[in-house]
Amino acid sequence: MVPAESVPIDAIAYEIPIRVGAFAAIFICMFVFELLSPRRKLTTSKMPRWFNNLSIHILNTAMIRGLFPVIPITVAILATEKGWGLINLYHLAPWSAIIIGTVSLDFVIYLQHVAFHTVPLCWRLHMVHHTDMDIDMPTGVRFHPVEIILSMFIKMAAIVILGAPPLAVLIFEVALNGGSIFTHSNAYIPGAVDRAIRVFFVTPDMHRVHHSVIIRETNTNFGFNLSWWDRIMGTYQDQPSAGHEGMTIGLGYFRDEKKLSFLSLLVLPLTRKKIRNLINPVRKERNS
Ligand SMILES: [Zn+2]
């Protein structure tokens, strides 16, 4: 048996090309898929939304590269070298450690997402993502820069506590970025195929429920990659009550697309609008 410490850390040298390549491949595939087989008719102009969302993504990518000398994968290398974290307490086979690390990080991101819907200040950041009045691929990168920074710290803390191997972190990061493009896409996947994928993974139909304007639906289907956490934690909703074609996407109190420009989105968390109704604890809202 090969000790967990000998996981091929050299592969991490290719982190950026692997991540960029996987993201570009998934983006191009889903772009063609959306064009050939769209799920819903879009209700707002596509170009301004794509410009806003992709601009935020470019800003976030530049910010992370500029601000963070240490990124999750370097934290994982350090944790493995030093023997930090729960996984390193046990002498697991390398692939067991990688699977446990990847799945555990996906659960952490599920919990983080629930927290961003529950803690008022976090919701103010995360609601930028939910203000998109249509949902398609670039919605998957529409996150406020401060949410991205907070998420980086949460991920790095989780990696240290778990002792997640570097390869687990690489797989998790590729799945998180690529999966976000897939789950936010406006691609039509036939019901039987959707159900088969959904046994393990979040599908676009499953995640679309989370972008419903109906609050009790917004607070369901928090999962990013694995569909299990919502089923286990009781936050799963199979379909939107109004159907995928009939449902309204976004937030009830942000319906003017002219007020959702790139710069407006950056200052949106400072809005003075009353947003109390969306930041109640999940359980309370689900009963409403
Ligand atoms: Zn959300």
# chains A, B, ... in the order shown; residues from 1 in each chain; ligands from 1
call {"tool": "select_by_dssp", "arguments": {"residues": "range 95-265 of chain A", "states": "alpha helix (DSSP H)", "output": "PyMOL selection string"}}
result
chain A and resi 95-118+120-130+145-162+166-183+191-198+204-210+215-218+228-233+262-265
call {"tool": "residues_near_ligand", "arguments": {"ligand": "ligand 1", "cutoff": "12 Å", "atoms": "only C-alpha atoms and all ligand atoms", "output": "PyMOL selection string"}}
result
chain A and resi 109-118+122-132+139-140+142-143+147+180+184+207-213+215+217-224+250-251+278-279+282
call {"tool": "closest_atom_pairs", "arguments": {"of": "range 49-107 of chain A", "to": "range 170-178 of chain A", "cutoff": "10 Å", "atoms": "only C-alpha atoms", "output": "tab-separated table"}}
result
residue	atom	partner	partner_atom	distance
A:Pro72	CA	A:Leu170	CA	8.8
A:Ile73	CA	A:Leu170	CA	6.7
A:Ala76	CA	A:Leu170	CA	9.5
A:Ile98	CA	A:Ile171	CA	8.8
A:Ile99	CA	A:Ile171	CA	9.5
A:Gly101	CA	A:Phe172	CA	8.6
A:Thr102	CA	A:Phe172	CA	5.5
A:Val103	CA	A:Phe172	CA	8.1
A:Ser104	CA	A:Phe172	CA	9.6
A:Leu105	CA	A:Phe172	CA	7.1
A:Asp106	CA	A:Phe172	CA	7.2
call {"tool": "write_last_selection", "arguments": {"atoms": "N, CA and C atoms", "output": "PDB file, in the first residue's frame"}}
result
ATOM      1  N   PRO A  72      -5.950  27.120  -2.104  1.00  0.00           N
ATOM      2  CA  PRO A  72      -6.315  25.860  -1.449  1.00  0.00           C
ATOM      3  C   PRO A  72      -5.358  24.705  -1.734  1.00  0.00           C
ATOM      4  N   ILE A  73      -4.900  24.606  -2.954  1.00  0.00           N
ATOM      5  CA  ILE A  73      -4.060  23.446  -3.280  1.00  0.00           C
ATOM      6  C   ILE A  73      -2.710  23.505  -2.565  1.00  0.00           C
ATOM      7  N   ALA A  76      -3.280  22.339   0.883  1.00  0.00           N
ATOM      8  CA  ALA A  76      -3.395  20.876   0.926  1.00  0.00           C
ATOM      9  C   ALA A  76      -2.015  20.215   0.889  1.00  0.00           C
ATOM     10  N   ILE A  98      -8.309  10.331  -1.236  1.00  0.00           N
ATOM     11  CA  ILE A  98      -8.727  11.295  -2.267  1.00  0.00           C
ATOM     12  C   ILE A  98     -10.251  11.325  -2.376  1.00  0.00           C
ATOM     13  N   ILE A  99     -10.876  10.134  -2.369  1.00  0.00           N
ATOM     14  CA  ILE A  99     -12.350  10.091  -2.478  1.00  0.00           C
ATOM     15  C   ILE A  99     -12.991  10.734  -1.247  1.00  0.00           C
ATOM     16  N   GLY A 101     -11.681  12.887   0.798  1.00  0.00           N
ATOM     17  CA  GLY A 101     -11.398  14.326   0.784  1.00  0.00           C
ATOM     18  C   GLY A 101     -12.312  15.073  -0.177  1.00  0.00           C
ATOM     19  N   THR A 102     -12.484  14.544  -1.392  1.00  0.00           N
ATOM     20  CA  THR A 102     -13.308  15.218  -2.408  1.00  0.00           C
ATOM     21  C   THR A 102     -14.768  15.286  -1.967  1.00  0.00           C
ATOM     22  N   VAL A 103     -15.298  14.147  -1.483  1.00  0.00           N
ATOM     23  CA  VAL A 103     -16.711  14.104  -1.072  1.00  0.00           C
ATOM     24  C   VAL A 103     -16.932  15.017   0.138  1.00  0.00           C
ATOM     25  N   SER A 104     -15.986  15.003   1.092  1.00  0.00           N
ATOM     26  CA  SER A 104     -16.134  15.840   2.293  1.00  0.00           C
ATOM     27  C   SER A 104     -16.130  17.326   1.931  1.00  0.00           C
ATOM     28  N   LEU A 105     -15.260  17.715   0.993  1.00  0.00           N
ATOM     29  CA  LEU A 105     -15.219  19.131   0.594  1.00  0.00           C
ATOM     30  C   LEU A 105     -16.526  19.535  -0.086  1.00  0.00           C
ATOM     31  N   ASP A 106     -17.126  18.624  -0.831  1.00  0.00           N
ATOM     32  CA  ASP A 106     -18.412  18.931  -1.475  1.00  0.00           C
ATOM     33  C   ASP A 106     -19.475  19.170  -0.410  1.00  0.00           C
TER      34      ASP A 106
END
call {"tool": "residues_around", "arguments": {"residues": "range 52-67 of chain A", "least_positions_apart": "6", "cutoff": "8 Å", "atoms": "only C-alpha atoms", "output": "MDAnalysis selection string"}}
result
chainID A and resid 138:139 141:145 148:149 261:262
call {"tool": "write_last_selection", "arguments": {"atoms": "C-alpha atoms", "output": "compact mmCIF listing (two decimals), in the first residue's frame"}}
result
# COMPACT_ATOMS: atom_id res chain seq x y z
CA PRO A 138 -22.65 32.53 -16.85
CA THR A 139 -25.01 32.60 -13.84
CA VAL A 141 -19.82 32.46 -12.15
CA ARG A 142 -21.90 35.40 -10.89
CA PHE A 143 -20.62 35.64 -7.32
CA HIS A 144 -19.77 38.79 -5.40
CA PRO A 145 -15.96 39.13 -4.92
CA ILE A 148 -15.41 34.46 -3.23
CA ILE A 149 -12.88 35.67 -0.63
CA SER A 261 -25.34 46.37 -14.11
CA PHE A 262 -21.80 45.17 -13.36
call {"tool": "atom_distance", "arguments": {"atom1": "CA of Ala25 in chain A", "atom2": "CA of Gly179 in chain A"}}
result
11.8 Å
call {"tool": "closest_residue", "arguments": {"among": "A:Ser185, A:Val146, A:Gly234, A:Ile100", "to": "Leu266 in chain A", "atoms": "only C-alpha atoms"}}
result
A:Val146
call {"tool": "atom_distance", "arguments": {"atom1": "CA of Ala24 in chain A", "atom2": "CA of Ala164 in chain A"}}
result
25.8 Å
call {"tool": "closest_residue", "arguments": {"among": "A:Ile87, A:Leu121, A:Ala196, A:Ile12", "to": "Leu162 in chain A", "atoms": "only C-alpha atoms"}}
result
A:Ile87
call {"tool": "closest_residue", "arguments": {"among": "A:Asp205, A:Glu257, A:Glu245, A:Glu81", "to": "Pro48 in chain A", "atoms": "only C-alpha atoms"}}
result
A:Glu257
call {"tool": "select_by_dssp", "arguments": {"residues": "range 211-263 of chain A", "states": "strand (DSSP E or B)", "output": "list in words"}}
result
Ser212, Leu226, Ile249, Leu251 and Phe254 of chain A
call {"tool": "closest_residue", "arguments": {"among": "A:Ile71, A:Val108, A:Met156, A:Val193", "to": "Leu226 in chain A", "atoms": "only C-alpha atoms"}}
result
A:Val108
call {"tool": "closest_residue", "arguments": {"among": "A:Ile161, A:Ala242, A:Met206, A:Val119", "to": "Ile275 in chain A", "atoms": "only C-alpha atoms"}}
result
A:Val119
call {"tool": "atom_distance", "arguments": {"atom1": "CA of Gly85 in chain A", "atom2": "CA of Phe153 in chain A"}}
result
16.1 Å
call {"tool": "closest_residue", "arguments": {"among": "A:Trp229, A:Leu260, A:Gly163, A:Pro204", "to": "Leu92 in chain A", "atoms": "only C-alpha atoms"}}
result
A:Gly163
call {"tool": "decode", "arguments": {"residues": "range 123-137 of chain A", "atoms": "N, CA and C atoms", "output": "mmCIF file, in the first residue's frame"}}
result
data_model
loop_
_atom_site.group_PDB
_atom_site.id
_atom_site.type_symbol
_atom_site.label_atom_id
_atom_site.label_comp_id
_atom_site.auth_asym_id
_atom_site.auth_seq_id
_atom_site.Cartn_x
_atom_site.Cartn_y
_atom_site.Cartn_z
ATOM 1 N N TRP A 123 -25.968 36.552 3.281
ATOM 2 C CA TRP A 123 -27.020 36.584 2.258
ATOM 3 C C TRP A 123 -26.918 37.836 1.396
ATOM 4 N N ARG A 124 -26.557 38.951 2.002
ATOM 5 C CA ARG A 124 -26.403 40.199 1.229
ATOM 6 C C ARG A 124 -25.370 40.018 0.106
ATOM 7 N N LEU A 125 -24.346 39.237 0.360
ATOM 8 C CA LEU A 125 -23.348 38.958 -0.681
ATOM 9 C C LEU A 125 -23.894 37.947 -1.686
ATOM 10 N N HIS A 126 -24.472 36.872 -1.151
ATOM 11 C CA HIS A 126 -24.901 35.771 -2.022
ATOM 12 C C HIS A 126 -26.102 36.153 -2.887
ATOM 13 N N MET A 127 -26.884 37.138 -2.437
ATOM 14 C CA MET A 127 -28.070 37.490 -3.232
ATOM 15 C C MET A 127 -27.679 38.064 -4.597
ATOM 16 N N VAL A 128 -26.434 38.542 -4.736
ATOM 17 C CA VAL A 128 -25.956 38.997 -6.049
ATOM 18 C C VAL A 128 -26.106 37.852 -7.066
ATOM 19 N N HIS A 129 -25.755 36.650 -6.636
ATOM 20 C CA HIS A 129 -25.885 35.464 -7.501
ATOM 21 C C HIS A 129 -27.357 35.223 -7.874
ATOM 22 N N HIS A 130 -28.241 35.462 -6.909
ATOM 23 C CA HIS A 130 -29.663 35.146 -7.111
ATOM 24 C C HIS A 130 -30.434 36.253 -7.828
ATOM 25 N N THR A 131 -29.802 37.417 -8.051
ATOM 26 C CA THR A 131 -30.536 38.489 -8.735
ATOM 27 C C THR A 131 -30.636 38.257 -10.238
ATOM 28 N N ASP A 132 -29.901 37.291 -10.760
ATOM 29 C CA ASP A 132 -29.986 37.020 -12.204
ATOM 30 C C ASP A 132 -31.424 36.599 -12.532
ATOM 31 N N MET A 133 -32.026 37.275 -13.501
ATOM 32 C CA MET A 133 -33.443 37.017 -13.792
ATOM 33 C C MET A 133 -33.639 35.911 -14.831
ATOM 34 N N ASP A 134 -32.555 35.409 -15.352
ATOM 35 C CA ASP A 134 -32.565 34.170 -16.133
ATOM 36 C C ASP A 134 -31.449 33.318 -15.578
ATOM 37 N N ILE A 135 -31.493 32.048 -15.891
ATOM 38 C CA ILE A 135 -30.400 31.196 -15.431
ATOM 39 C C ILE A 135 -29.836 30.447 -16.635
ATOM 40 N N ASP A 136 -28.578 30.730 -16.904
ATOM 41 C CA ASP A 136 -27.831 29.980 -17.911
ATOM 42 C C ASP A 136 -26.360 29.969 -17.489
ATOM 43 N N MET A 137 -25.486 29.442 -18.325
ATOM 44 C CA MET A 137 -24.119 29.138 -17.877
ATOM 45 C C MET A 137 -23.419 30.256 -17.090
#
